[in-house]
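Participant: First the structure, which I've put down as structure tokens, then a few questions once you've had a look.
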Amino acid sequence: MITILLMALSYILGSVPNALWIGKVFKGIDVREHGSKNTGSTNAARVLGAKLGILTLILDISKGLVPTLIAILLKVDFFENLTKIENFDYVLVGICAILGHVFSIFMNFKGGKAVATTLGVFLVLVPKAILFAAIVFFVVFVIFRYVSLSSIFAAISLPIFTYFLYQQIIYVILGILIAILIVAKHKSNIERLRNGTESKFNLKSKK
């Protein structure tokens with residue numbers, strides 16, 4: 001039953017609103033009242049400055065990376081034995097971290113858009129696919145300067161790269177589900193992109 005315990009801990013860790021708490025502790029600012037009003041690392045960078053934005057990004061990535069890595073190191077296999085689906089437990093632990101970030105118990109089940117925490121999970125599960133998805137992200141970003149658009153393209157490309165590089169159906173399914181979730185969480189961004197009102201990323205260093 002270690003898997004179930006890890007899933008619960010993963011959800012709680014994923015729920016930690018790093019941008020919100022960092023903003024309040026270091027700047028006395030609620031990031032939900034500024035910028036895009038999102039609690040992700042991109043808005044944290046815009047509102048709190050580069051250093052705190054990077055700190056938020058690292059912590060958000062860690063929320064997905066750490067519990068998934070622990071699951072692998074412990075070789076948990078409770079649900080794998082039940083379903084005969086290889087690596088199923090690792091995927092479930094990773095999903096819980098992502099769901100925690102999106103539906104945080106500390107913010108009335110609201111949260112960020114899952115990009116950084118998903119990155120942490122997939123860095124452990126399919127690192128080569130993440131590398132190619134990251135290339136997609138940066139190419140789109142360099143061309144258009146929209147973090148939202150770059151994140152959407154990277155998310156959609158991830159299950160494709162996962163299929164060709166790993167061919168493990170459970171990872172591909174996870175990638176598809178997370179891509180759908182990320183696109184859905186970017187609904188307002190998509191509307192602004194269509195209307196031409198989406199803000200391009202312009203980072204200003206804040207002391």
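Here, A, B, ... name the chains of the structure tokens in the order displayed, residue numbers run from 1 inside each chain, and ligands are numbered from 1 in the same displayed order.
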Skip Ala129 in chain A itself and residues of its chain fewer than 2 positions away, then list as a PyMOL selection string all residues within 10 Å of it, counting only C-alpha atoms.

Facilitator: chain A and resi 122-123+125-127+131-135+157-166

Participant: Using DSSP secondary structure from the backbone, list all alpha helix (DSSP H) positions within range 21-189 of chain A, as a PyMOL selection string.

Facilitator: chain A and resi 21-22+41-48+50-74+78-83+88-102+115-125+127-144+147-166+169-185+187-189

Participant: Please write the residues from the selection above to a file, keeping C-alpha atoms, as a short mmCIF file (atom, residue, chain, number, x, y, z; two decimals), in the first residue's frame.

Facilitator:
```cif
data_model
loop_
_atom_site.label_atom_id
_atom_site.label_comp_id
_atom_site.auth_asym_id
_atom_site.auth_seq_id
_atom_site.Cartn_x
_atom_site.Cartn_y
_atom_site.Cartn_z
CA TRP A 21 3.47 31.69 -0.71
CA ILE A 22 6.74 33.03 -2.13
CA SER A 41 5.95 30.40 -12.39
CA THR A 42 5.43 32.60 -15.46
CA ASN A 43 3.18 35.03 -13.60
CA ALA A 44 5.48 34.80 -10.58
CA ALA A 45 8.37 35.93 -12.78
CA ARG A 46 6.32 38.81 -14.17
CA VAL A 47 5.03 39.99 -10.80
CA LEU A 48 7.84 39.07 -8.40
CA ALA A 50 13.31 36.94 -12.29
CA LYS A 51 14.93 35.44 -9.18
CA LEU A 52 11.69 34.58 -7.41
CA GLY A 53 10.19 33.44 -10.69
CA ILE A 54 13.04 30.99 -11.20
CA LEU A 55 12.71 29.80 -7.60
CA THR A 56 9.01 29.19 -8.19
CA LEU A 57 9.75 27.29 -11.40
CA ILE A 58 12.30 25.03 -9.69
CA LEU A 59 9.94 24.28 -6.81
CA ASP A 60 6.99 23.62 -9.14
CA ILE A 61 9.10 21.22 -11.20
CA SER A 62 10.23 19.52 -8.00
CA LYS A 63 6.62 18.91 -6.97
CA GLY A 64 6.29 16.49 -9.86
CA LEU A 65 9.85 15.20 -9.99
CA VAL A 66 10.43 14.26 -6.34
CA PRO A 67 7.42 11.99 -5.65
CA THR A 68 7.70 10.30 -9.04
CA LEU A 69 11.41 9.65 -8.48
CA ILE A 70 10.71 8.27 -5.00
CA ALA A 71 8.11 5.90 -6.46
CA ILE A 72 10.67 4.62 -8.97
CA LEU A 73 13.43 4.28 -6.38
CA LEU A 74 11.08 2.32 -4.10
CA PHE A 78 0.81 -2.37 -6.11
CA PHE A 79 -1.41 -1.30 -9.04
CA GLU A 80 0.97 -2.81 -11.59
CA ASN A 81 0.41 -6.21 -9.98
CA LEU A 82 -3.36 -5.67 -9.99
CA THR A 83 -3.63 -4.49 -13.58
CA PHE A 88 1.33 2.06 -13.64
CA ASP A 89 2.19 3.05 -10.05
CA TYR A 90 4.75 5.61 -11.19
CA VAL A 91 2.19 7.19 -13.48
CA LEU A 92 -0.45 7.37 -10.75
CA VAL A 93 1.94 9.06 -8.34
CA GLY A 94 2.89 11.58 -11.02
CA ILE A 95 -0.75 12.27 -11.88
CA CYS A 96 -1.51 13.03 -8.24
CA ALA A 97 1.22 15.68 -8.15
CA ILE A 98 -0.14 17.29 -11.31
CA LEU A 99 -3.74 17.21 -10.03
CA GLY A 100 -2.55 18.73 -6.76
CA HIS A 101 -1.01 21.64 -8.65
CA VAL A 102 -4.17 22.21 -10.71
CA VAL A 115 3.12 22.89 -17.08
CA ALA A 116 6.06 22.99 -14.64
CA THR A 117 4.82 20.13 -12.45
CA THR A 118 4.15 18.03 -15.55
CA LEU A 119 7.69 18.78 -16.65
CA GLY A 120 8.95 17.37 -13.35
CA VAL A 121 6.95 14.15 -13.71
CA PHE A 122 7.98 13.53 -17.30
CA LEU A 123 11.62 14.41 -16.63
CA VAL A 124 11.71 11.26 -14.53
CA LEU A 125 9.52 9.04 -16.73
CA PRO A 127 13.46 12.46 -20.21
CA LYS A 128 14.26 12.17 -23.93
CA ALA A 129 10.69 13.08 -24.89
CA ILE A 130 10.87 16.09 -22.55
CA LEU A 131 14.05 17.24 -24.31
CA PHE A 132 12.31 17.31 -27.69
CA ALA A 133 9.16 18.91 -26.23
CA ALA A 134 11.41 21.57 -24.68
CA ILE A 135 12.89 22.26 -28.10
CA VAL A 136 9.36 22.75 -29.44
CA PHE A 137 8.64 25.13 -26.56
CA PHE A 138 11.70 27.29 -27.16
CA VAL A 139 11.29 27.39 -30.94
CA VAL A 140 7.68 28.57 -30.62
CA PHE A 141 8.66 31.00 -27.88
CA VAL A 142 11.52 32.52 -29.89
CA ILE A 143 9.19 33.02 -32.86
CA PHE A 144 6.07 34.30 -31.07
CA VAL A 147 4.65 31.40 -23.04
CA SER A 148 1.06 30.14 -23.25
CA LEU A 149 1.31 29.24 -26.93
CA SER A 150 4.70 27.62 -26.39
CA SER A 151 3.35 25.56 -23.48
CA ILE A 152 0.37 24.37 -25.54
CA PHE A 153 2.54 23.27 -28.47
CA ALA A 154 5.02 21.55 -26.15
CA ALA A 155 2.21 19.73 -24.32
CA ILE A 156 0.65 18.50 -27.57
CA SER A 157 4.02 17.33 -28.87
CA LEU A 158 4.94 15.44 -25.69
CA PRO A 159 2.79 12.30 -26.19
CA ILE A 160 3.93 12.16 -29.82
CA PHE A 161 7.60 12.16 -28.85
CA THR A 162 6.83 9.74 -26.02
CA TYR A 163 5.28 7.27 -28.45
CA PHE A 164 8.16 7.29 -30.90
CA LEU A 165 10.93 7.31 -28.30
CA TYR A 166 9.51 4.95 -25.67
CA ILE A 169 1.31 2.96 -24.00
CA ILE A 170 0.78 4.00 -20.35
CA TYR A 171 3.16 6.94 -20.80
CA VAL A 172 1.53 7.89 -24.09
CA ILE A 173 -1.92 7.84 -22.51
CA LEU A 174 -0.64 9.96 -19.62
CA GLY A 175 0.85 12.41 -22.11
CA ILE A 176 -2.43 12.69 -24.02
CA LEU A 177 -4.46 13.25 -20.84
CA ILE A 178 -2.05 15.87 -19.56
CA ALA A 179 -1.97 17.61 -22.96
CA ILE A 180 -5.78 17.85 -22.86
CA LEU A 181 -5.63 19.19 -19.30
CA ILE A 182 -3.00 21.81 -20.14
CA VAL A 183 -4.86 22.99 -23.23
CA ALA A 184 -8.09 23.20 -21.21
CA LYS A 185 -6.34 25.21 -18.48
CA LYS A 187 -8.63 28.29 -22.47
CA SER A 188 -8.53 31.97 -21.48
CA ASN A 189 -5.08 32.32 -23.04
#
```

Participant: So what do you get for CA of Arg32 in chain A versus CA of Asn195 in chain A, distance-wise?

Facilitator: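 Computing it gives 22.8 Å between the two atoms.
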
Participant: Tell me, in Å to one decimal, how far CA of Met1 in chain A is from CA of Gly14 in chain A.

Facilitator: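 If I compute the distance from CA of Met1 in chain A to CA of Gly14 in chain A, I get 20.0 Å.
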
Participant: Which of these residues is nearest to Val31 in chain A, using only C-alpha atoms: A:Thr197, A:Asn18, A:Asn202, A:Ser104?

Facilitator: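 Result for the nearest residue to Val31 in chain A: A:Asn18.
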
Participant: What is the distance between CA of Ile105 in chain A and CA of Tyr11 in chain A, in Å to one decimal?

Facilitator: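 Separating CA of Ile105 in chain A from CA of Tyr11 in chain A is a distance of 8.9 Å.
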